[in-house]
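Shown next: coords14.txt, containing compact mmCIF, C-alpha atoms.
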# COMPACT_ATOMS: atom_id res chain seq x y z
CA MET K 8 -104.09 37.51 -88.00
CA SER K 9 -107.77 38.41 -87.90
CA GLU K 10 -110.72 36.08 -88.28
CA PRO K 11 -111.70 37.35 -91.75
CA GLU K 12 -108.25 36.51 -93.01
CA ILE K 13 -108.50 32.91 -91.84
CA ALA K 14 -112.20 32.30 -92.47
CA GLY K 15 -111.58 30.66 -95.80
CA GLN K 16 -108.87 28.33 -94.61
CA GLU K 17 -109.42 24.71 -93.71
CA PRO K 18 -109.02 23.62 -90.06
CA SER K 19 -106.02 21.51 -91.07
CA ALA K 20 -104.31 24.61 -92.44
CA LEU K 21 -105.02 26.60 -89.27
CA SER K 22 -103.67 23.89 -86.98
CA GLY K 23 -100.09 24.76 -87.93
CA LEU K 24 -100.47 28.49 -87.30
CA GLY K 25 -99.96 30.38 -84.06
CA LEU K 26 -97.75 29.19 -81.22
CA SER K 27 -97.63 25.86 -79.44
CA THR K 28 -99.35 25.60 -76.07
CA ASN K 29 -96.73 23.20 -74.69
CA ARG K 30 -94.65 25.86 -72.96
CA VAL K 31 -97.59 27.62 -71.30
CA GLU K 32 -98.99 24.29 -70.07
CA ALA K 33 -95.58 23.34 -68.68
CA LEU K 34 -95.30 26.71 -66.94
CA ALA K 35 -98.80 26.22 -65.52
CA ASP K 36 -97.83 22.87 -64.02
CA GLY K 37 -94.76 24.44 -62.41
CA ILE K 38 -96.63 27.46 -61.00
CA PHE K 39 -99.40 25.31 -59.55
CA ALA K 40 -96.92 22.81 -58.08
CA VAL K 41 -94.96 25.57 -56.33
CA ALA K 42 -98.08 27.35 -55.05
CA MET K 43 -99.52 24.11 -53.70
CA THR K 44 -96.26 23.24 -51.97
CA LEU K 45 -95.81 26.67 -50.39
CA LEU K 46 -99.20 26.40 -48.71
CA VAL K 47 -98.00 23.78 -46.24
CA LEU K 48 -95.12 25.96 -45.05
CA ASP K 49 -97.61 28.12 -43.18
CA VAL K 50 -98.61 25.19 -40.94
CA ARG K 51 -96.41 25.33 -37.86
CA PRO K 52 -95.06 22.10 -36.31
CA PRO K 53 -95.89 21.33 -32.68
CA LEU K 54 -93.65 22.65 -29.96
CA VAL K 55 -91.57 20.35 -27.79
CA GLN K 56 -93.81 18.32 -25.44
CA GLN K 57 -96.92 20.09 -26.79
CA PRO K 58 -99.96 17.79 -26.53
CA PRO K 59 -101.46 16.86 -29.92
CA ASP K 60 -104.87 18.26 -28.99
CA ALA K 61 -103.35 21.60 -27.96
CA TRP K 62 -101.36 21.74 -31.21
CA PHE K 63 -104.43 20.95 -33.32
CA PHE K 64 -106.53 23.54 -31.48
CA SER K 65 -103.92 26.23 -32.19
CA GLN K 66 -103.31 25.18 -35.79
CA TRP K 67 -106.78 24.22 -37.04
CA PRO K 68 -107.32 27.54 -38.89
CA ARG K 69 -104.04 27.02 -40.78
CA LEU K 70 -104.77 23.36 -41.48
CA PHE K 71 -108.25 24.25 -42.69
CA ALA K 72 -107.01 27.14 -44.83
CA TYR K 73 -104.26 24.90 -46.24
CA ALA K 74 -106.71 22.16 -47.25
CA LEU K 75 -109.19 24.71 -48.65
CA SER K 76 -106.64 26.53 -50.81
CA PHE K 77 -104.97 23.31 -51.94
CA MET K 78 -108.29 22.02 -53.23
CA LEU K 79 -109.08 25.37 -54.82
CA LEU K 80 -105.76 25.31 -56.65
CA GLY K 81 -106.68 21.83 -57.81
CA VAL K 82 -109.96 23.20 -59.17
CA TYR K 83 -108.15 25.98 -61.04
CA TRP K 84 -105.57 23.57 -62.44
CA VAL K 85 -108.30 21.24 -63.74
CA SER K 86 -110.11 24.19 -65.31
CA HIS K 87 -106.97 25.53 -66.96
CA HIS K 88 -106.03 22.06 -68.18
CA ALA K 89 -109.55 21.52 -69.58
CA HIS K 90 -109.36 24.73 -71.61
CA PHE K 91 -106.48 23.33 -73.60
CA GLN K 92 -108.61 20.39 -74.68
CA TYR K 93 -110.23 22.93 -77.00
CA ILE K 94 -107.61 25.67 -77.33
CA LYS K 95 -105.03 24.08 -79.62
CA ARG K 96 -102.73 27.00 -80.35
CA SER K 97 -101.60 30.18 -78.65
CA ASN K 98 -100.55 33.73 -79.49
CA ARG K 99 -98.97 36.65 -77.64
CA THR K 100 -102.26 37.91 -76.19
CA LEU K 101 -103.23 34.49 -74.85
CA LEU K 102 -99.76 34.07 -73.37
CA TRP K 103 -100.08 37.33 -71.45
CA ILE K 104 -103.54 36.41 -70.20
CA ASN K 105 -101.93 33.27 -68.81
CA ILE K 106 -99.09 35.25 -67.24
CA VAL K 107 -101.55 37.50 -65.37
CA PHE K 108 -103.53 34.40 -64.34
CA PHE K 109 -100.35 32.82 -62.94
CA LEU K 110 -99.62 36.06 -61.08
CA PHE K 111 -102.79 35.67 -59.03
CA ILE K 112 -102.40 31.91 -58.68
CA SER K 113 -98.97 32.40 -57.12
CA LEU K 114 -100.53 34.87 -54.65
CA ILE K 115 -102.79 32.18 -53.16
CA PRO K 116 -100.27 31.19 -50.40
CA PHE K 117 -100.22 34.81 -49.21
CA SER K 118 -104.00 35.24 -49.07
CA THR K 119 -104.30 31.81 -47.43
CA SER K 120 -101.85 32.74 -44.67
CA TRP K 121 -103.68 36.03 -44.08
CA LEU K 122 -107.01 34.20 -43.94
CA ALA K 123 -105.65 31.77 -41.32
CA ASP K 124 -104.21 34.63 -39.25
CA SER K 125 -107.59 36.35 -39.18
CA PHE K 126 -108.95 33.62 -36.90
CA ASP K 127 -106.37 34.37 -34.22
CA PRO K 128 -108.21 35.91 -31.22
CA ALA K 129 -105.37 38.42 -30.85
CA VAL K 130 -106.08 39.91 -34.29
CA SER K 131 -108.05 43.14 -33.97
CA SER K 132 -109.76 42.98 -37.36
CA ARG K 133 -111.09 39.65 -38.62
CA VAL K 134 -113.05 40.99 -41.60
CA THR K 135 -110.39 42.22 -44.01
CA ALA K 136 -108.72 38.87 -44.70
CA PRO K 137 -111.90 36.95 -45.68
CA ILE K 138 -112.90 39.85 -47.93
CA PHE K 139 -109.48 39.91 -49.56
CA TYR K 140 -109.58 36.14 -50.02
CA GLY K 141 -112.98 36.33 -51.70
CA LEU K 142 -111.98 39.19 -53.98
CA HIS K 143 -108.83 37.27 -54.87
CA LEU K 144 -110.88 34.24 -55.94
CA ILE K 145 -113.26 36.48 -57.92
CA VAL K 146 -110.32 37.95 -59.88
CA ILE K 147 -109.04 34.43 -60.62
CA ALA K 148 -112.50 33.39 -61.86
CA ALA K 149 -112.64 36.50 -64.08
CA LEU K 150 -109.26 35.62 -65.58
CA ILE K 151 -110.41 32.05 -66.20
CA ALA K 152 -113.46 33.44 -68.03
CA LEU K 153 -111.25 35.83 -70.01
CA HIS K 154 -108.90 32.98 -70.92
CA TRP K 155 -111.78 30.87 -72.19
CA TRP K 156 -113.46 33.76 -74.03
CA TYR K 157 -110.32 34.79 -75.87
CA GLY K 158 -109.04 31.31 -76.60
CA SER K 159 -112.34 29.80 -77.70
CA SER K 160 -113.52 32.73 -79.84
CA HIS K 161 -110.54 32.76 -82.21
CA PRO K 162 -110.52 30.01 -84.88
CA LEU K 163 -106.76 30.44 -85.16
CA LEU K 164 -106.42 29.21 -81.57
CA THR K 165 -109.01 26.44 -81.78
CA GLY K 166 -107.53 24.98 -84.94
CA GLY K 167 -110.38 26.30 -87.05
CA LYS K 168 -113.07 24.63 -84.94
CA THR K 169 -116.05 26.74 -83.83
CA LEU K 170 -117.56 25.81 -80.47
CA ASP K 171 -121.35 25.89 -80.23
CA ARG K 172 -123.04 28.59 -78.18
CA HIS K 173 -124.78 26.15 -75.85
CA PHE K 174 -121.46 24.66 -74.79
CA ASN K 175 -119.95 28.14 -74.31
CA ARG K 176 -122.85 29.19 -72.09
CA SER K 177 -122.37 26.04 -70.03
CA VAL K 178 -118.70 26.92 -69.51
CA TYR K 179 -119.49 30.47 -68.36
CA ARG K 180 -122.27 29.26 -66.03
CA ARG K 181 -119.87 26.82 -64.39
CA ILE K 182 -117.19 29.52 -64.02
CA ALA K 183 -119.75 31.88 -62.44
CA ILE K 184 -120.49 29.52 -59.53
CA ALA K 185 -117.33 30.47 -57.60
CA PRO K 186 -117.76 34.29 -57.77
CA VAL K 187 -121.37 34.00 -56.58
CA ILE K 188 -120.28 31.92 -53.58
CA CYS K 189 -117.47 34.40 -52.88
CA LEU K 190 -119.90 37.32 -52.82
CA VAL K 191 -122.05 35.47 -50.28
CA ALA K 192 -118.95 34.66 -48.21
CA ILE K 193 -117.81 38.28 -48.30
CA ALA K 194 -121.23 39.42 -47.06
CA LEU K 195 -121.13 36.84 -44.26
CA SER K 196 -117.65 37.96 -43.18
CA PHE K 197 -119.13 41.18 -41.77
CA VAL K 198 -121.34 39.30 -39.31
CA LEU K 199 -120.03 35.72 -39.07
CA PRO K 200 -116.37 35.39 -40.13
CA LEU K 201 -116.35 31.65 -39.41
CA ALA K 202 -119.42 31.16 -41.61
CA SER K 203 -117.65 32.91 -44.47
CA LEU K 204 -114.77 30.43 -44.20
CA ILE K 205 -117.22 27.53 -44.30
CA CYS K 206 -118.93 29.13 -47.29
CA TYR K 207 -115.65 29.14 -49.24
CA THR K 208 -115.42 25.37 -48.77
CA LEU K 209 -118.48 24.96 -50.98
CA ILE K 210 -116.44 25.96 -54.03
CA PRO K 211 -114.14 22.92 -54.25
CA ILE K 212 -116.95 20.62 -53.11
CA ILE K 213 -119.19 21.75 -55.98
CA TYR K 214 -116.44 21.69 -58.62
CA ILE K 215 -115.28 18.20 -57.68
CA PHE K 216 -118.50 16.80 -59.14
CA PRO K 217 -118.65 16.66 -62.96
CA GLY K 218 -120.89 19.20 -64.64
CA HIS K 219 -122.48 19.48 -68.06
CA VAL K 220 -119.17 20.76 -69.42
CA ASP K 221 -117.38 17.62 -68.27
CA LEU K 222 -119.90 15.43 -70.06
CA HIS K 223 -118.93 17.16 -73.29
CA TRP K 224 -115.44 15.64 -72.99
CA THR K 225 -116.87 12.15 -73.25
CA ARG K 226 -118.38 12.76 -76.66
CA PRO K 227 -116.56 11.13 -79.59
CA ASN K 228 -114.40 13.50 -81.64
CA HIS K 229 -114.87 16.41 -79.22
CA ARG K 230 -111.33 17.60 -79.89

Any chance you could put this one into structure tokens?
Amino acid sequence: MSEPEIAGQEPSALSGLGLSTNRVEALADGIFAVAMTLLVLDVRPPLVQQPPDAWFFSQWPRLFAYALSFMLLGVYWVSHHAHFQYIKRSNRTLLWINIVFFLFISLIPFSTSWLADSFDPAVSSRVTAPIFYGLHLIVIAALIALHWWYGSSHPLLTGGKTLDRHFNRSVYRRIAIAPVICLVAIALSFVLPLASLICYTLIPIIYIFPGHVDLHWTRPNHR
């Protein structure tokens, strides 16, 4: 159904159209839970009679990568969950955008393991993994932006409610923070691979703090 066809309908009439978002939100919770759990499987337990300091020294890249990716998945889950405060209904296109988004979310344990392996002194190339990790996060950010653009720009999916342009710009600016940091981290990976890893940690740190978009949730009748 196109926008011209629904332009004359009241928001209350539009709220019953389209598909429910319950199933896609439930699938999101399951995908994120599995991806977060799989991350810890890459951390290897200490060997018999291995001193704790020796174990930590050998495993710190995996522990660091685990914590980093776990927090990043938390950031993506919060973002995805926040979208559905405004996107009330779904359709086939939005469902498939979510499916592709989940495809890359479920790949996070793989890119995390590769990133941790790249800090092994025995690895010949330590540049490819940080670059892949950054590109992976950029694709996820692009899919988050696509999800918001498609879901928020169709009155059928927002229950007939039109979101103001200022709020939309705030959403896109907040989404853009992660790709910019990733580009810097990718550039650093060519000269200082460890610095690129530290750079990636800025993403969850920044997103933990509420932004202008989060303040919009506190307004009365924002739904």

**Request:** Find, counting only C-alpha atoms, the residue in K:Leu142, K:Leu122, K:Leu70, K:Leu102 that gets nearest to Leu201 (chain K).
**Result:**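 Among K:Leu142, K:Leu122, K:Leu70, K:Leu102, it is K:Leu122 that comes nearest to Leu201 (chain K).
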
**Asked** Which residue gives the smallest distance to Arg69 (chain K) among K:Ile138, K:Leu204, K:Leu209, K:Ile182, with only C-alpha atoms counted?
**Response**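 Checking each candidate against Arg69 (chain K), we get K:Leu204 as the closest.
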
**Gap from CA of His90 (chain K) to CA of Thr165 (chain K) - Å, one decimal** =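 For CA of His90 (chain K) relative to CA of Thr165 (chain K), the distance reads 10.3 Å.
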
**Item:** Residue among K:Tyr73, K:Gln92, K:Glu32, K:Pro53 lying closest to Ile106 (chain K), counting all atoms listed in the file
**Value:** K:Glu32

**Item:** Contact residues around region 103-105 of chain K with only C-alpha atoms at 10 Å, ignoring same-chain residues under 5 positions, as a ChimeraX atom specification
**Value:** /K:31-32,34-35,87,98,110,150-151,153-154,157-158

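For the pair CA of Ala185 (chain K) and CA of Pro211 (chain K), the separation is 8.9 Å.
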
**Asked** Using only C-alpha atoms, can you list as a VMD selection string the residues within 12 Å of (-104.5, 19.8, -57.3)?
**Response** chain K and resid 35 to 44 74 to 88 211 215

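Note that the spacing between CA of Asp124 (chain K) and CA of Trp67 (chain K) amounts to 10.9 Å.
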